[in-house]
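Source file: data-v7.json (JSON, C-alpha atoms)
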[["chain", "number", "residue", "atom", "x", "y", "z"],
["A", 16, "MET", "CA", 119.04, 101.77, 184.66],
["A", 17, "PRO", "CA", 119.87, 99.99, 181.33],
["A", 18, "ALA", "CA", 117.07, 99.64, 178.78],
["A", 19, "MET", "CA", 115.55, 96.19, 178.59],
["A", 20, "THR", "CA", 115.62, 94.41, 175.26],
["A", 21, "PRO", "CA", 112.14, 93.13, 174.46],
["A", 22, "THR", "CA", 111.76, 89.39, 174.01],
["A", 23, "PRO", "CA", 111.08, 88.53, 170.34],
["A", 24, "LEU", "CA", 107.53, 87.44, 169.68],
["A", 25, "HIS", "CA", 106.66, 83.87, 168.80],
["A", 26, "TRP", "CA", 104.71, 83.76, 165.53],
["A", 27, "LYS", "CA", 103.32, 81.48, 162.82],
["A", 28, "LEU", "CA", 102.16, 82.17, 159.29],
["A", 29, "VAL", "CA", 98.45, 81.38, 158.87],
["A", 30, "VAL", "CA", 97.16, 80.39, 155.44],
["A", 31, "ASP", "CA", 93.46, 80.24, 154.59],
["A", 32, "ALA", "CA", 92.52, 77.01, 152.82],
["A", 33, "SER", "CA", 89.51, 75.10, 151.58],
["A", 34, "ASP", "CA", 91.26, 71.80, 152.47],
["A", 35, "PRO", "CA", 93.78, 72.45, 155.25],
["A", 36, "HIS", "CA", 94.94, 68.83, 155.45],
["A", 37, "ALA", "CA", 95.74, 68.62, 151.73],
["A", 38, "GLN", "CA", 97.59, 71.91, 152.01],
["A", 39, "ALA", "CA", 99.51, 70.60, 155.03],
["A", 40, "ASP", "CA", 100.49, 67.48, 153.09],
["A", 41, "PHE", "CA", 101.68, 69.60, 150.14],
["A", 42, "TRP", "CA", 103.65, 72.11, 152.19],
["A", 43, "ALA", "CA", 105.15, 69.50, 154.53],
["A", 44, "ALA", "CA", 106.48, 67.70, 151.45],
["A", 45, "ALA", "CA", 107.49, 70.94, 149.69],
["A", 46, "LEU", "CA", 109.48, 72.27, 152.65],
["A", 47, "HIS", "CA", 110.57, 68.93, 154.10],
["A", 48, "TYR", "CA", 108.61, 69.89, 157.23],
["A", 49, "ARG", "CA", 106.41, 67.69, 159.42],
["A", 50, "ALA", "CA", 102.66, 67.93, 159.86],
["A", 51, "GLU", "CA", 102.02, 68.48, 163.55],
["A", 52, "ASP", "CA", 100.56, 65.59, 165.47],
["A", 53, "ASN", "CA", 97.95, 67.10, 167.79],
["A", 54, "SER", "CA", 96.19, 63.75, 168.31],
["A", 55, "ALA", "CA", 96.89, 63.57, 172.07],
["A", 56, "LEU", "CA", 95.37, 67.02, 172.54],
["A", 57, "VAL", "CA", 92.40, 66.22, 170.28],
["A", 58, "GLU", "CA", 91.73, 62.95, 172.15],
["A", 59, "ARG", "CA", 91.99, 64.72, 175.51],
["A", 60, "LEU", "CA", 89.50, 67.41, 174.39],
["A", 61, "LEU", "CA", 87.13, 64.76, 173.03],
["A", 62, "ASN", "CA", 87.29, 62.77, 176.28],
["A", 63, "ILE", "CA", 86.35, 65.73, 178.47],
["A", 64, "GLY", "CA", 83.60, 66.88, 176.09],
["A", 65, "ALA", "CA", 85.33, 70.13, 175.14],
["A", 66, "LEU", "CA", 85.47, 69.19, 171.45],
["A", 67, "PRO", "CA", 82.63, 67.58, 169.48],
["A", 68, "ALA", "CA", 83.51, 64.56, 167.34],
["A", 69, "GLU", "CA", 82.33, 66.39, 164.20],
["A", 70, "ALA", "CA", 85.14, 68.94, 164.76],
["A", 71, "THR", "CA", 87.72, 66.20, 164.14],
["A", 72, "VAL", "CA", 88.94, 64.11, 161.22],
["A", 73, "ASP", "CA", 91.23, 61.16, 160.75],
["A", 74, "PHE", "CA", 94.51, 62.46, 159.32],
["A", 75, "HIS", "CA", 96.92, 59.70, 158.36],
["A", 76, "GLY", "CA", 95.54, 57.37, 161.03],
["A", 77, "ARG", "CA", 95.40, 59.83, 163.89],
["A", 78, "ALA", "CA", 92.81, 62.22, 165.28],
["A", 79, "ALA", "CA", 93.16, 65.82, 164.10],
["A", 80, "PHE", "CA", 91.23, 69.05, 164.21],
["A", 81, "ARG", "CA", 88.88, 69.26, 161.21],
["A", 82, "ASP", "CA", 89.47, 72.91, 160.40],
["A", 83, "LEU", "CA", 93.15, 73.50, 161.06],
["A", 84, "ILE", "CA", 96.52, 71.84, 160.96],
["A", 85, "ALA", "CA", 100.08, 73.12, 161.02],
["A", 86, "VAL", "CA", 103.39, 72.01, 159.60],
["A", 87, "ARG", "CA", 106.63, 72.68, 161.44],
["A", 88, "HIS", "CA", 110.36, 72.57, 160.82],
["A", 89, "PRO", "CA", 111.56, 69.11, 161.96],
["A", 90, "ASP", "CA", 114.47, 70.52, 163.98],
["A", 91, "ASP", "CA", 112.44, 73.08, 165.93],
["A", 92, "PRO", "CA", 111.09, 72.42, 169.42],
["A", 93, "TYR", "CA", 107.49, 71.48, 170.02],
["A", 94, "ASP", "CA", 105.21, 70.98, 172.98],
["A", 95, "GLU", "CA", 105.14, 67.22, 173.54],
["A", 96, "ASP", "CA", 101.82, 67.45, 175.40],
["A", 97, "SER", "CA", 99.91, 69.12, 172.55],
["A", 98, "GLY", "CA", 102.13, 68.44, 169.53],
["A", 99, "THR", "CA", 102.21, 72.16, 168.75],
["A", 100, "GLY", "CA", 105.40, 73.52, 167.22],
["A", 101, "LEU", "CA", 107.32, 76.24, 169.03],
["A", 102, "GLY", "CA", 109.37, 77.44, 166.06],
["A", 103, "ARG", "CA", 108.95, 77.85, 162.33],
["A", 104, "ARG", "CA", 105.34, 76.91, 161.43],
["A", 105, "LEU", "CA", 102.67, 77.28, 158.78],
["A", 106, "LEU", "CA", 99.10, 76.88, 160.02],
["A", 107, "PHE", "CA", 96.36, 76.05, 157.50],
["A", 108, "GLN", "CA", 92.84, 77.03, 158.55],
["A", 109, "ARG", "CA", 89.63, 76.16, 156.75],
["A", 110, "VAL", "CA", 87.70, 79.10, 155.29],
["A", 111, "PRO", "CA", 84.51, 78.93, 153.19],
["A", 112, "GLU", "CA", 85.60, 81.26, 150.39],
["A", 113, "ALA", "CA", 88.06, 80.43, 147.60],
["A", 114, "LYS", "CA", 91.18, 82.46, 146.90],
["A", 115, "THR", "CA", 90.27, 85.29, 144.51],
["A", 116, "VAL", "CA", 93.18, 87.73, 144.27],
["A", 117, "LYS", "CA", 96.97, 87.79, 144.26],
["A", 118, "ASN", "CA", 98.66, 87.03, 147.58],
["A", 119, "ARG", "CA", 99.91, 90.01, 149.56],
["A", 120, "LEU", "CA", 102.39, 87.70, 151.29],
["A", 121, "HIS", "CA", 104.19, 84.66, 149.87],
["A", 122, "LEU", "CA", 107.00, 82.23, 150.58],
["A", 123, "ASP", "CA", 110.29, 82.29, 148.68],
["A", 124, "LEU", "CA", 111.94, 78.87, 148.49],
["A", 125, "HIS", "CA", 115.71, 78.72, 148.04],
["A", 126, "PRO", "CA", 116.99, 75.35, 146.82],
["A", 127, "ALA", "CA", 120.72, 74.65, 146.64],
["A", 128, "PRO", "CA", 122.61, 76.49, 143.88],
["A", 129, "GLY", "CA", 121.94, 74.93, 140.49],
["A", 130, "GLU", "CA", 118.91, 72.97, 141.79],
["A", 131, "ARG", "CA", 116.07, 75.36, 140.85],
["A", 132, "ALA", "CA", 114.86, 73.35, 137.84],
["A", 133, "ALA", "CA", 114.89, 70.07, 139.78],
["A", 134, "GLU", "CA", 113.05, 71.70, 142.68],
["A", 135, "VAL", "CA", 110.40, 73.16, 140.35],
["A", 136, "GLU", "CA", 109.92, 69.70, 138.85],
["A", 137, "ARG", "CA", 109.62, 68.11, 142.32],
["A", 138, "LEU", "CA", 107.09, 70.72, 143.44],
["A", 139, "THR", "CA", 105.09, 70.23, 140.23],
["A", 140, "GLU", "CA", 104.95, 66.49, 140.92],
["A", 141, "LEU", "CA", 103.59, 67.33, 144.41],
["A", 142, "GLY", "CA", 100.73, 69.32, 142.85],
["A", 143, "ALA", "CA", 102.08, 72.84, 142.32],
["A", 144, "SER", "CA", 101.89, 74.61, 138.97],
["A", 145, "VAL", "CA", 104.28, 76.95, 137.22],
["A", 146, "LEU", "CA", 102.78, 80.40, 136.66],
["A", 147, "ARG", "CA", 105.78, 82.08, 135.03],
["A", 148, "HIS", "CA", 109.56, 82.25, 134.79],
["A", 149, "THR", "CA", 111.00, 85.62, 135.78],
["A", 150, "LYS", "CA", 114.39, 87.06, 134.85],
["A", 151, "GLU", "CA", 115.19, 90.57, 136.03],
["A", 152, "PRO", "CA", 118.37, 92.47, 136.90],
["A", 153, "ALA", "CA", 117.68, 91.53, 140.55],
["A", 154, "GLY", "CA", 117.73, 87.80, 139.75],
["A", 155, "GLU", "CA", 115.91, 84.83, 138.32],
["A", 156, "TRP", "CA", 113.07, 82.81, 139.82],
["A", 157, "VAL", "CA", 110.01, 80.77, 139.03],
["A", 158, "VAL", "CA", 106.60, 81.89, 140.26],
["A", 159, "MET", "CA", 104.48, 78.88, 141.19],
["A", 160, "ALA", "CA", 101.09, 78.19, 142.77],
["A", 161, "ASP", "CA", 100.30, 75.57, 145.39],
["A", 162, "PRO", "CA", 97.31, 73.22, 144.87],
["A", 163, "GLU", "CA", 94.89, 75.94, 146.06],
["A", 164, "GLY", "CA", 96.41, 78.69, 143.93],
["A", 165, "ASN", "CA", 98.58, 80.47, 146.53],
["A", 166, "GLU", "CA", 101.62, 81.94, 144.82],
["A", 167, "PHE", "CA", 105.17, 81.27, 145.93],
["A", 168, "CYS", "CA", 108.58, 81.68, 144.31],
["A", 169, "VAL", "CA", 111.48, 79.32, 143.75],
["A", 170, "HIS", "CA", 114.78, 81.21, 143.52]]
Could you take the file, read its structure, and then write that structure out as structure tokens?
Amino acid sequence: MPAMTPTPLHWKLVVDASDPHAQADFWAAALHYRAEDNSALVERLLNIGALPAEATVDFHGRAAFRDLIAVRHPDDPYDEDSGTGLGRRLLFQRVPEAKTVKNRLHLDLHPAPGERAAEVERLTELGASVLRHTKEPAGEWVVMADPEGNEFCVH
């Protein structure tokens, strides 16, 4: 009997945040992604009493979960009933503590060749900050921090 190839796992990257909605706005703009619209699910949960009103917020004119929100790649599939992405996603979840140490995991952004400086400028205008410019035998990149201090690199 031939060996079965396991089905790849569906996954998302979860990022702790003090303000998940601000982080979603930043990263949606940074990556040209879309903030997920879970308003139909939120409204449904509110209507059946499964979600208290204080667990929701208004996010750009629609109901959203107060403590989490995701951004997704605009070309990836999503569940139309819940608004949840089924592909590349970043989920921002509210946590009480601030970031205190260097990330153990980070995103590398790869703009078009010759566009690194323009991309760094665009990201800075969105609220990121430049931490340092790095030039090593392996390559050149800019280490940046998002509005909550999470490091990422622009290659």
- Query: Contacts of Leu46 of chain A at 12 Å or less, counting all atoms listed in the file, minus same-chain residues fewer than 6 places along, as a list in words?
  - Reply: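 Here the qualifying residues turn out to be Gln38, Ala39, Asp40, Val86, Arg87, His88, Pro89, Arg103, Arg104, Leu105, Leu122, Asp123, Leu124, His125, Pro126, Glu134, Arg137, Leu138, Leu141 and Val169 of chain A.
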Kindly save the residues from that selection, with C-alpha atoms included, as a CSV table (one decimal), keeping the file's coordinate frame.
chain,number,residue,atom,x,y,z
A,38,GLN,CA,97.6,71.9,152.0
A,39,ALA,CA,99.5,70.6,155.0
A,40,ASP,CA,100.5,67.5,153.1
A,86,VAL,CA,103.4,72.0,159.6
A,87,ARG,CA,106.6,72.7,161.4
A,88,HIS,CA,110.4,72.6,160.8
A,89,PRO,CA,111.6,69.1,162.0
A,103,ARG,CA,109.0,77.8,162.3
A,104,ARG,CA,105.3,76.9,161.4
A,105,LEU,CA,102.7,77.3,158.8
A,122,LEU,CA,107.0,82.2,150.6
A,123,ASP,CA,110.3,82.3,148.7
A,124,LEU,CA,111.9,78.9,148.5
A,125,HIS,CA,115.7,78.7,148.0
A,126,PRO,CA,117.0,75.4,146.8
A,134,GLU,CA,113.0,71.7,142.7
A,137,ARG,CA,109.6,68.1,142.3
A,138,LEU,CA,107.1,70.7,143.4
A,141,LEU,CA,103.6,67.3,144.4
A,169,VAL,CA,111.5,79.3,143.8
- Item | Arg147 of chain A environment, 8 Å, only C-alpha atoms, sequence neighbours closer than 3 positions dropped, as a PyMOL selection string | chain A and resi 157-159
- Quick one, how far is atom CA of Leu56 of chain A from atom CA of Ser97 of chain A?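 Rounded to one decimal, the two atoms are 5.0 Å apart.
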- From A:Lys27, A:His36, A:Arg49, A:Lys150, residue lying nearest Gln108 of chain A [all atoms listed in the file]: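 Result for the nearest residue to Gln108 of chain A: A:His36.
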Quick one: axis-aligned box around all listed atoms of segment 103-113 of chain A, 3 Å on every side, centre and edge lengths in Å to one decimal, written as JSON.
{"center_x": 96.7, "center_y": 78.7, "center_z": 155.0, "size_x": 30.4, "size_y": 11.2, "size_z": 20.7}
- Hey, can you check how far atom CA of Ile63 of chain A sits from atom CA of Leu83 of chain A?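 A separation of 20.2 Å between them.
With all atoms listed in the file taken into account, the protein and nucleic acid residues at most 8 Å from Arg77 of chain A (excluding it and anything under 2 positions from it in its own chain) are A:Asp52, A:Ser54, A:Asp73, A:Phe74, A:His75, A:Ala79.
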Keeping only C-alpha atoms, write the selected residues to a file as a CSV table (one decimal), in the frame of the given file.
chain,number,residue,atom,x,y,z
A,52,ASP,CA,100.6,65.6,165.5
A,54,SER,CA,96.2,63.8,168.3
A,73,ASP,CA,91.2,61.2,160.8
A,74,PHE,CA,94.5,62.5,159.3
A,75,HIS,CA,96.9,59.7,158.4
A,79,ALA,CA,93.2,65.8,164.1
- So what do you get for atom CA of Val30 of chain A versus atom CA of Arg109 of chain A, distance-wise? 8.7 Å
- Identify which of the residues A:Val57, A:Ala32, A:Val135, A:Ala44 lies closest to Thr115 of chain A, counting only C-alpha atoms when measuring atom-to-atom distances.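 Answer, going by the shortest atom-to-atom distance: A:Ala32.
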- Query: With only C-alpha atoms as the basis for distance, which of A:Pro92, A:Gly98, A:Asp31, A:Arg81 is at the shortest distance from Ala55 of chain A?
  - Reply: A:Gly98
- Find, counting only C-alpha atoms, the residue in A:Ser33, A:Asn165, A:Thr149, A:Thr99 that gets nearest to Lys117 of chain A. A:Asn165
Any chance you could model N, CA and C atoms for segment 49-72 of chain A and send them as a compact mmCIF listing (two decimals), keeping the file's coordinate frame?
# COMPACT_ATOMS: atom_id res chain seq x y z
N ARG A 49 107.26 68.75 158.89
CA ARG A 49 106.41 67.69 159.42
C ARG A 49 105.05 68.27 159.75
N ALA A 50 103.99 67.54 159.40
CA ALA A 50 102.66 67.93 159.86
C ALA A 50 102.62 67.68 161.36
N GLU A 51 102.09 68.64 162.10
CA GLU A 51 102.02 68.48 163.55
C GLU A 51 101.04 67.37 163.92
N ASP A 52 101.41 66.65 164.94
CA ASP A 52 100.56 65.59 165.47
C ASP A 52 99.92 66.10 166.75
N ASN A 53 98.69 66.59 166.63
CA ASN A 53 97.95 67.10 167.79
C ASN A 53 96.98 66.06 168.33
N SER A 54 97.17 64.79 167.96
CA SER A 54 96.19 63.75 168.31
C SER A 54 96.00 63.59 169.82
N ALA A 55 97.05 63.70 170.61
CA ALA A 55 96.89 63.57 172.07
C ALA A 55 96.00 64.69 172.61
N LEU A 56 96.20 65.89 172.12
CA LEU A 56 95.37 67.02 172.54
C LEU A 56 93.93 66.83 172.07
N VAL A 57 93.75 66.44 170.83
CA VAL A 57 92.40 66.22 170.28
C VAL A 57 91.68 65.15 171.09
N GLU A 58 92.34 64.03 171.37
CA GLU A 58 91.73 62.95 172.15
C GLU A 58 91.37 63.42 173.55
N ARG A 59 92.25 64.20 174.17
CA ARG A 59 91.99 64.72 175.51
C ARG A 59 90.75 65.63 175.49
N LEU A 60 90.65 66.51 174.50
CA LEU A 60 89.50 67.41 174.39
C LEU A 60 88.21 66.65 174.11
N LEU A 61 88.30 65.60 173.30
CA LEU A 61 87.13 64.76 173.03
C LEU A 61 86.66 64.07 174.31
N ASN A 62 87.61 63.52 175.07
CA ASN A 62 87.29 62.77 176.28
C ASN A 62 86.63 63.61 177.36
N ILE A 63 86.96 64.89 177.44
CA ILE A 63 86.35 65.73 178.47
C ILE A 63 85.13 66.49 177.93
N GLY A 64 84.78 66.24 176.68
CA GLY A 64 83.60 66.88 176.09
C GLY A 64 83.80 68.31 175.65
N ALA A 65 85.05 68.75 175.55
CA ALA A 65 85.33 70.13 175.14
C ALA A 65 85.40 70.28 173.63
N LEU A 66 85.38 69.17 172.91
CA LEU A 66 85.47 69.19 171.45
C LEU A 66 84.49 68.16 170.90
N PRO A 67 83.55 68.57 170.05
CA PRO A 67 82.63 67.58 169.48
C PRO A 67 83.32 66.72 168.43
N ALA A 68 82.90 65.49 168.30
CA ALA A 68 83.51 64.56 167.34
C ALA A 68 83.49 65.11 165.92
N GLU A 69 82.42 65.86 165.57
CA GLU A 69 82.33 66.39 164.20
C GLU A 69 83.36 67.50 163.93
N ALA A 70 84.08 67.94 164.95
CA ALA A 70 85.14 68.94 164.76
C ALA A 70 86.49 68.27 164.55
N THR A 71 86.48 66.94 164.35
CA THR A 71 87.72 66.20 164.14
C THR A 71 87.66 65.40 162.85
N VAL A 72 88.81 65.00 162.38
CA VAL A 72 88.94 64.11 161.22
C VAL A 72 90.06 63.13 161.50
